[in-house]
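Participant: Structure file target_22.txt, compact mmCIF, C-alpha atoms (C1' of nucleotides), is pasted below:
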# COMPACT_ATOMS: atom_id res chain seq x y z
CA MET A 1 90.95 85.90 90.93
CA GLN A 2 92.08 86.43 94.52
CA ILE A 3 92.80 89.84 95.98
CA ALA A 4 94.58 90.01 99.33
CA SER A 5 95.54 92.57 101.95
CA TRP A 6 98.18 92.08 104.64
CA ASN A 7 99.64 94.48 107.18
CA VAL A 8 103.11 92.92 107.48
CA ASN A 9 104.44 95.22 110.24
CA SER A 10 107.83 95.72 108.52
CA LEU A 11 108.46 94.03 105.18
CA ASN A 12 112.12 93.73 106.10
CA ALA A 13 111.21 91.67 109.17
CA ARG A 14 108.51 89.71 107.31
CA LEU A 15 110.04 88.99 103.88
CA GLU A 16 110.40 85.25 104.57
CA HIS A 17 106.77 85.07 105.73
CA LEU A 18 105.65 86.91 102.59
CA ARG A 19 107.75 84.59 100.44
CA ALA A 20 106.20 81.49 102.03
CA TRP A 21 102.68 82.86 101.89
CA LEU A 22 102.83 84.05 98.26
CA GLY A 23 104.39 80.70 97.33
CA SER A 24 101.47 78.73 98.74
CA ARG A 25 98.47 81.04 98.07
CA ARG A 26 99.52 82.73 94.82
CA PRO A 27 96.89 85.53 94.98
CA GLU A 28 96.74 87.61 91.80
CA LEU A 29 96.85 90.93 93.67
CA VAL A 30 98.26 91.78 97.10
CA ALA A 31 98.15 95.04 99.06
CA LEU A 32 100.73 95.42 101.83
CA GLN A 33 100.73 97.93 104.67
CA GLU A 34 103.35 99.02 107.19
CA THR A 35 106.25 98.11 104.93
CA LYS A 36 108.40 100.58 106.94
CA LEU A 37 110.88 100.86 104.07
CA GLU A 38 112.13 103.76 102.03
CA ASP A 39 111.65 103.10 98.32
CA HIS A 40 115.36 102.51 97.65
CA ARG A 41 115.27 99.62 100.16
CA PHE A 42 112.13 97.92 98.77
CA PRO A 43 112.92 94.27 97.86
CA ASP A 44 111.43 94.43 94.34
CA ALA A 45 114.02 92.01 92.88
CA GLU A 46 113.21 89.37 95.52
CA ILE A 47 109.49 89.84 94.87
CA ALA A 48 110.02 89.69 91.10
CA ALA A 49 111.76 86.33 91.67
CA LEU A 50 108.49 85.14 93.27
CA GLY A 51 106.61 86.11 90.10
CA TYR A 52 105.16 89.47 91.18
CA ARG A 53 105.51 93.06 90.02
CA SER A 54 105.84 95.64 92.80
CA LEU A 55 104.61 99.18 93.25
CA PHE A 56 105.50 100.96 96.48
CA ALA A 57 105.38 104.21 98.40
CA GLY A 58 107.31 104.07 101.62
CA GLN A 59 109.22 105.97 104.26
CA LYS A 60 111.69 105.26 107.03
CA THR A 61 110.48 103.52 110.23
CA TYR A 62 106.72 104.08 109.89
CA ASN A 63 103.82 103.46 107.50
CA GLY A 64 104.52 102.50 103.86
CA VAL A 65 102.21 100.75 101.37
CA ALA A 66 102.81 98.49 98.37
CA LEU A 67 100.90 96.64 95.67
CA LEU A 68 102.01 93.31 94.20
CA ALA A 69 100.57 91.91 90.96
CA ARG A 70 101.19 88.35 89.74
CA THR A 71 103.11 88.79 86.50
CA ASP A 72 101.64 85.73 84.75
CA ALA A 73 98.05 86.65 85.63
CA VAL A 74 97.44 90.40 85.48
CA PRO A 75 98.89 93.33 83.53
CA GLY A 76 101.18 95.98 84.99
CA PHE A 77 100.19 99.02 87.03
CA ALA A 78 98.74 102.14 85.38
CA ASP A 79 97.50 105.56 86.52
CA VAL A 80 99.37 105.43 89.82
CA GLN A 81 98.33 107.74 92.66
CA VAL A 82 100.28 108.18 95.92
CA GLY A 83 98.32 109.79 98.75
CA ILE A 84 94.87 111.37 98.75
CA PRO A 85 94.78 114.19 96.18
CA GLY A 86 94.60 117.56 97.90
CA PHE A 87 95.22 116.12 101.39
CA GLU A 88 98.63 117.25 102.62
CA ASP A 89 100.22 114.30 104.37
CA GLY A 90 103.87 113.40 104.83
CA GLN A 91 102.87 109.88 105.92
CA LYS A 92 102.83 107.22 103.19
CA ARG A 93 99.44 105.57 103.70
CA VAL A 94 97.68 105.51 100.32
CA LEU A 95 98.65 103.91 97.02
CA ALA A 96 96.22 103.51 94.11
CA ALA A 97 96.66 102.04 90.66
CA SER A 98 94.73 100.49 87.80
CA VAL A 99 95.42 96.82 87.09
CA GLY A 100 93.62 95.59 83.98
CA GLU A 101 89.90 96.16 84.47
CA LEU A 102 90.28 96.93 88.19
CA ARG A 103 91.05 100.07 90.15
CA ILE A 104 92.85 99.23 93.42
CA VAL A 105 93.15 101.61 96.37
CA ASN A 106 95.48 100.35 99.11
CA LEU A 107 95.04 102.03 102.52
CA TYR A 108 96.88 102.12 105.79
CA VAL A 109 94.36 104.18 107.74
CA VAL A 110 95.64 106.22 110.68
CA ASN A 111 95.47 104.33 114.00
CA GLY A 112 94.44 107.36 116.05
CA GLN A 113 96.01 106.27 119.36
CA ALA A 114 93.16 107.42 121.68
CA VAL A 115 89.78 109.09 121.25
CA GLY A 116 90.19 112.85 121.57
CA SER A 117 93.95 112.90 120.87
CA ASP A 118 95.65 114.88 118.10
CA LYS A 119 96.18 111.61 116.23
CA TYR A 120 92.46 110.84 116.51
CA ASP A 121 91.66 114.21 114.98
CA TYR A 122 94.11 113.40 112.16
CA LYS A 123 92.37 110.03 111.69
CA LEU A 124 88.96 111.67 111.27
CA ARG A 125 90.32 114.30 108.88
CA PHE A 126 92.05 111.54 106.89
CA LEU A 127 88.78 109.57 106.67
CA ASP A 128 86.85 112.67 105.63
CA ALA A 129 89.29 113.44 102.81
CA LEU A 130 89.30 109.76 101.84
CA HIS A 131 85.50 109.76 101.55
CA ASP A 132 85.44 112.74 99.21
CA TRP A 133 88.21 111.30 97.03
CA LEU A 134 86.62 107.82 96.86
CA ALA A 135 83.30 109.40 95.80
CA GLU A 136 85.17 110.58 92.69
CA GLU A 137 87.15 107.36 92.25
CA ILE A 138 84.05 105.16 92.19
CA ARG A 139 82.49 107.39 89.52
CA ARG A 140 85.64 107.29 87.41
CA TYR A 141 86.35 103.59 88.03
CA PRO A 142 83.15 101.51 88.50
CA ARG A 143 85.20 98.35 89.18
CA LEU A 144 86.81 99.67 92.37
CA VAL A 145 88.54 97.71 95.16
CA VAL A 146 89.39 99.61 98.35
CA LEU A 147 91.37 97.45 100.74
CA GLY A 148 93.84 97.57 103.56
CA ASP A 149 94.21 98.14 107.28
CA PHE A 150 91.25 100.39 108.11
CA ASN A 151 92.02 100.49 111.85
CA ILE A 152 88.23 100.40 112.45
CA ALA A 153 86.16 97.35 113.45
CA PRO A 154 82.86 97.79 111.52
CA ASP A 155 80.49 96.42 114.22
CA ASP A 156 80.34 94.38 117.41
CA ARG A 157 80.65 91.05 115.56
CA ASP A 158 84.15 92.22 114.64
CA VAL A 159 85.35 92.61 118.24
CA HIS A 160 86.16 89.89 120.80
CA ASP A 161 84.78 91.96 123.67
CA PRO A 162 82.22 94.63 122.66
CA VAL A 163 81.93 95.86 126.25
CA ALA A 164 85.65 96.68 126.47
CA TRP A 165 85.80 97.86 122.84
CA ASN A 166 83.00 100.38 123.00
CA GLU A 167 81.91 103.77 121.65
CA THR A 168 84.79 105.51 123.45
CA SER A 169 87.58 103.13 122.42
CA ILE A 170 89.96 103.67 119.56
CA LEU A 171 89.13 101.38 116.58
CA THR A 172 85.44 101.13 117.66
CA SER A 173 84.43 104.70 118.55
CA THR A 174 81.18 106.16 117.24
CA ALA A 175 82.83 108.72 114.97
CA GLU A 176 85.20 106.15 113.46
CA ARG A 177 82.39 103.70 112.73
CA ALA A 178 80.29 106.52 111.27
CA ALA A 179 83.18 107.46 108.96
CA LEU A 180 83.51 103.84 107.84
CA ARG A 181 79.75 103.61 107.27
CA ARG A 182 79.98 106.68 105.02
CA LEU A 183 82.51 104.79 102.89
CA PHE A 184 80.10 101.82 102.65
CA GLU A 185 77.35 104.26 101.61
CA LEU A 186 79.40 105.31 98.59
CA GLY A 187 78.54 101.83 97.29
CA LEU A 188 81.48 99.93 98.72
CA ALA A 189 80.60 96.58 100.30
CA ASP A 190 82.63 94.79 102.97
CA SER A 191 83.42 91.57 101.04
CA TYR A 192 83.71 89.50 104.23
CA ARG A 193 80.13 90.41 105.16
CA LEU A 194 78.88 89.51 101.68
CA ARG A 195 79.86 85.92 102.45
CA HIS A 196 79.77 85.55 106.26
CA ASP A 197 77.40 86.71 109.03
CA HIS A 198 79.20 85.29 112.06
CA GLY A 199 81.23 87.16 114.60
CA GLY A 200 84.53 86.03 116.04
CA ALA A 201 86.46 86.32 112.77
CA PHE A 202 89.41 88.58 113.46
CA SER A 203 92.34 89.91 111.42
CA TRP A 204 94.44 91.58 114.14
CA TRP A 205 95.53 90.46 117.60
CA ASP A 206 97.65 92.56 119.94
CA TYR A 207 101.15 91.19 120.50
CA ARG A 208 100.69 91.91 124.18
CA ALA A 209 98.96 89.72 126.75
CA ALA A 210 99.06 86.66 124.44
CA GLY A 211 96.32 88.17 122.30
CA PHE A 212 96.46 85.57 119.53
CA ARG A 213 96.67 82.52 121.78
CA ARG A 214 93.59 83.78 123.65
CA ASP A 215 91.93 84.92 120.38
CA LEU A 216 91.47 88.48 121.68
CA GLY A 217 91.17 89.98 118.22
CA LEU A 218 89.45 92.57 116.05
CA ARG A 219 88.54 92.52 112.36
CA ILE A 220 90.04 95.76 111.05
CA ASP A 221 91.54 94.61 107.72
CA LEU A 222 88.93 94.87 104.98
CA VAL A 223 88.44 94.37 101.26
CA LEU A 224 85.67 96.70 100.02
CA LEU A 225 84.11 96.14 96.60
CA SER A 226 82.05 98.45 94.41
CA GLY A 227 78.67 97.09 93.29
CA ALA A 228 79.90 95.75 89.97
CA LEU A 229 82.53 93.68 91.79
CA ALA A 230 80.38 92.71 94.79
CA ALA A 231 78.10 90.90 92.33
CA ARG A 232 81.12 88.80 91.29
CA CYS A 233 82.41 88.06 94.82
CA SER A 234 82.38 84.28 95.33
CA GLY A 235 84.49 84.10 98.47
CA ALA A 236 86.02 85.98 101.38
CA ALA A 237 88.47 84.68 103.95
CA ILE A 238 90.90 85.50 106.69
CA ASP A 239 94.03 83.36 106.68
CA ARG A 240 94.96 82.97 110.34
CA GLU A 241 97.84 80.60 109.59
CA PRO A 242 100.69 83.13 109.21
CA ARG A 243 99.66 84.78 112.49
CA GLY A 244 100.67 81.53 114.18
CA TRP A 245 104.13 81.38 112.62
CA GLU A 246 107.29 82.32 114.50
CA ARG A 247 107.84 86.10 114.75
CA PRO A 248 104.57 86.95 112.99
CA SER A 249 102.98 90.20 111.98
CA ASP A 250 100.23 91.18 114.40
CA HIS A 251 97.81 91.05 111.40
CA ALA A 252 96.59 88.09 109.33
CA PRO A 253 96.15 88.33 105.54
CA VAL A 254 92.57 88.79 104.34
CA LEU A 255 91.29 87.75 100.91
CA ALA A 256 88.38 88.22 98.52
CA THR A 257 87.68 86.05 95.48
CA LEU A 258 86.21 87.58 92.31
CA ASP A 259 84.74 85.51 89.47
C1' DA B 1 95.73 93.76 136.26
C1' DT B 2 95.78 100.12 133.34
C1' DG B 3 100.34 96.07 132.23
C1' DG B 4 101.79 93.51 128.37
C1' DT B 5 105.15 92.88 122.99
C1' DA B 6 107.12 94.04 118.63
C1' DG B 7 109.69 97.02 115.05
C1' DT B 8 112.79 100.59 114.22
C1' DC B 9 117.03 101.66 115.67
C1' DT B 10 119.87 101.84 120.65
C1' DA B 11 115.75 106.57 122.87
C1' DA B 12 111.45 106.86 122.28
C1' DC B 13 108.00 106.59 119.16
C1' DT B 14 104.07 103.96 117.18
C1' DA B 15 100.93 100.44 117.22
In structure tokens, how does this file's structure come out?
Facilitator:
Amino acid sequence: MQIASWNVNSLNARLEHLRAWLGSRRPELVALQETKLEDHRFPDAEIAALGYRSLFAGQKTYNGVALLARTDAVPGFADVQVGIPGFEDGQKRVLAASVGELRIVNLYVVNGQAVGSDKYDYKLRFLDALHDWLAEEIRRYPRLVVLGDFNIAPDDRDVHDPVAWNETSILTSTAERAALRRLFELGLADSYRLRHDHGGAFSWWDYRAAGFRRDLGLRIDLVLLSGALAARCSGAAIDREPRGWERPSDHAPVLATLD
DNA sequence: ATGGTAGTCTAACTA
């Protein structure tokens, strides 16, 4: 089965792209970030017409996460969790559910704006609370998938210019990478790195300065797998194609294949 | 070279 993550940067603006992409790829599970839609505006009927169930937690203008499950392939959602338990947060960034044998945690991690800013502090507190919660989740659900827009590039292979994107830059700073490493140390493996060693494989390119055309990207969208699932991971990919379409999201979809 | 673009919603924010 294929499990995908895609930051769509507004589902309203990207519904036709999602429709085209789901129609051709047909992944069994999809996590979306930055839907930017209140729940009463979520296009669940349109997505049902594509053969997917929807689960969503959104807000106006910013953030918003959703899970899609292919109706003919996987059962419905169970044991739904919105947000990190015990972490007060008005921003809709976390949506977890059980789907058959799998536990899925969909994340839109805080961007953090700039190292040392208030938003950076919020990012580190978010990651700290996430760590403690995921330590419990992986005990409770050994077949755990944690995926989404992590807004952290794990190492220098994941950055087009490691000199510019250094230990003091947002998305690559020392504290952010340390927080991500602590998630890996819970027993969550970066599925892309289970299958590929090379650098230069990116999932996000800035809209500005022709970032995609010049391939000035970062790999910040990840699919993490617990040990039981990592052993069954037969593929990992980044689908750059939709990033080249007209009026694209600034992120490409990323995928992991489980046997 | 310290900008640039895109989305939301039409001012200014977030990324």
Participant: State, in Å with one decimal place, the distance from CA of Ser24 (chain A) to CA of Gly211 (chain A).
Facilitator: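 That distance, rounded to one decimal, is 25.9 Å.
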Participant: Tell me, in Å to one decimal, how far CA of Glu28 (chain A) is from CA of Ser10 (chain A).
Facilitator: 21.6 Å
Participant: For Ala236 (chain A), please output as a PyMOL selection string all residues within 8 Å (counting all atoms listed in the file; exclusion window: fewer than 2 positions along the same chain).
Facilitator: chain A and resi 191-192+194-196+233-234+238+254-257
Participant: Expressed in Å to a single decimal, how great is the separation between CA of Gln91 (chain A) and CA of Leu55 (chain A)?
Facilitator: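 If I compute the distance from CA of Gln91 (chain A) to CA of Leu55 (chain A), I get 16.7 Å.
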Participant: Distance cut-off 10 Å, centre (102.4, 101.0, 117.0) in file coordinates, counting all atoms listed in the file: which residues qualify? Return them as a list in words.
Facilitator: Asn9, Tyr62, Asn63, Asn111 and Gln113 of chain A; DA6, DG7, DC13, DT14 and DA15 of chain B
Participant: Give the answer as one residue: which of A:Gly227, A:Ile138, A:Thr61, A:Leu15 has the shortest atom-to-atom distance to Ala189 (chain A), using only C-alpha atoms?
Facilitator: A:Gly227
Participant: Could you give me, as a Markdown table, a per-residue list for chain A showing, wherever an atom lies at most 12 Å from an atom of chain B, the closest pair of atoms and their distance in Å to one decimal, using all atoms listed in the file and sorting by chain then residue number from low to high?
Facilitator:
| residue | atom | partner | partner_atom | distance |
| --- | --- | --- | --- | --- |
| A:Asn7 | CA | B:DA15 | C1' | 11.7 |
| A:Val8 | CA | B:DG7 | C1' | 10.8 |
| A:Asn9 | CA | B:DG7 | C1' | 7.3 |
| A:Ser10 | CA | B:DG7 | C1' | 6.9 |
| A:Leu11 | CA | B:DG7 | C1' | 10.4 |
| A:Asn12 | CA | B:DG7 | C1' | 9.8 |
| A:Ala13 | CA | B:DG7 | C1' | 8.1 |
| A:Arg14 | CA | B:DG7 | C1' | 10.7 |
| A:Glu34 | CA | B:DG7 | C1' | 10.3 |
| A:Thr35 | CA | B:DG7 | C1' | 10.7 |
| A:Lys36 | CA | B:DT8 | C1' | 8.5 |
| A:Leu37 | CA | B:DT8 | C1' | 10.3 |
| A:Gln59 | CA | B:DT8 | C1' | 11.9 |
| A:Lys60 | CA | B:DT8 | C1' | 8.6 |
| A:Thr61 | CA | B:DT8 | C1' | 5.5 |
| A:Tyr62 | CA | B:DT14 | C1' | 7.8 |
| A:Asn63 | CA | B:DT14 | C1' | 9.7 |
| A:Val110 | CA | B:DA15 | C1' | 10.2 |
| A:Asn111 | CA | B:DA15 | C1' | 7.4 |
| A:Gly112 | CA | B:DA15 | C1' | 9.6 |
| A:Gln113 | CA | B:DA15 | C1' | 7.9 |
| A:Ala114 | CA | B:DA15 | C1' | 11.4 |
| A:Lys119 | CA | B:DT14 | C1' | 11.0 |
| A:Asn151 | CA | B:DA15 | C1' | 10.4 |
| A:Ile170 | CA | B:DA15 | C1' | 11.7 |
| A:Leu171 | CA | B:DA15 | C1' | 11.9 |
| A:Trp204 | CA | B:DA15 | C1' | 11.4 |
| A:Trp205 | CA | B:DT5 | C1' | 11.3 |
| A:Asp206 | CA | B:DT5 | C1' | 8.1 |
| A:Tyr207 | CA | B:DT5 | C1' | 5.0 |
| A:Arg208 | CA | B:DG4 | C1' | 4.6 |
| A:Ala209 | CA | B:DG4 | C1' | 5.0 |
| A:Ala210 | CA | B:DG4 | C1' | 8.4 |
| A:Gly211 | CA | B:DG4 | C1' | 9.8 |
| A:Phe212 | CA | B:DT5 | C1' | 11.9 |
| A:Arg247 | CA | B:DA6 | C1' | 8.9 |
| A:Pro248 | CA | B:DA6 | C1' | 9.4 |
| A:Ser249 | CA | B:DA6 | C1' | 8.7 |
| A:Asp250 | CA | B:DA6 | C1' | 8.6 |
| A:His251 | CA | B:DA15 | C1' | 11.5 |
Participant: Compare A:Arg25, A:Ala153, A:Tyr141, A:Leu130 by their minimum atom-to-atom distance to Asp79 (chain A), counting all atoms listed in the file, and give me the closest one.
Facilitator: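 Of A:Arg25, A:Ala153, A:Tyr141, A:Leu130, the one nearest Asp79 (chain A), counting all atoms listed in the file, is A:Tyr141.
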Participant: Find, counting all atoms listed in the file, the residue in A:Leu50, A:Val94, A:Ile152, A:Ala179 that gets nearest to Glu16 (chain A).
Facilitator: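 Among the listed residues, the smallest separation from Glu16 (chain A) belongs to A:Leu50.
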Participant: First collect every listed atom of region 68-78 of chain A; then fit an axis-aligned box around them, widen it by 8 Å on each side, and give centre and edge lengths in Å to one decimal, as AutoDock Vina command-line options.
Facilitator:
--center_x 100.3 --center_y 93.9 --center_z 88.9 --size_x 21.7 --size_y 32.4 --size_z 26.7
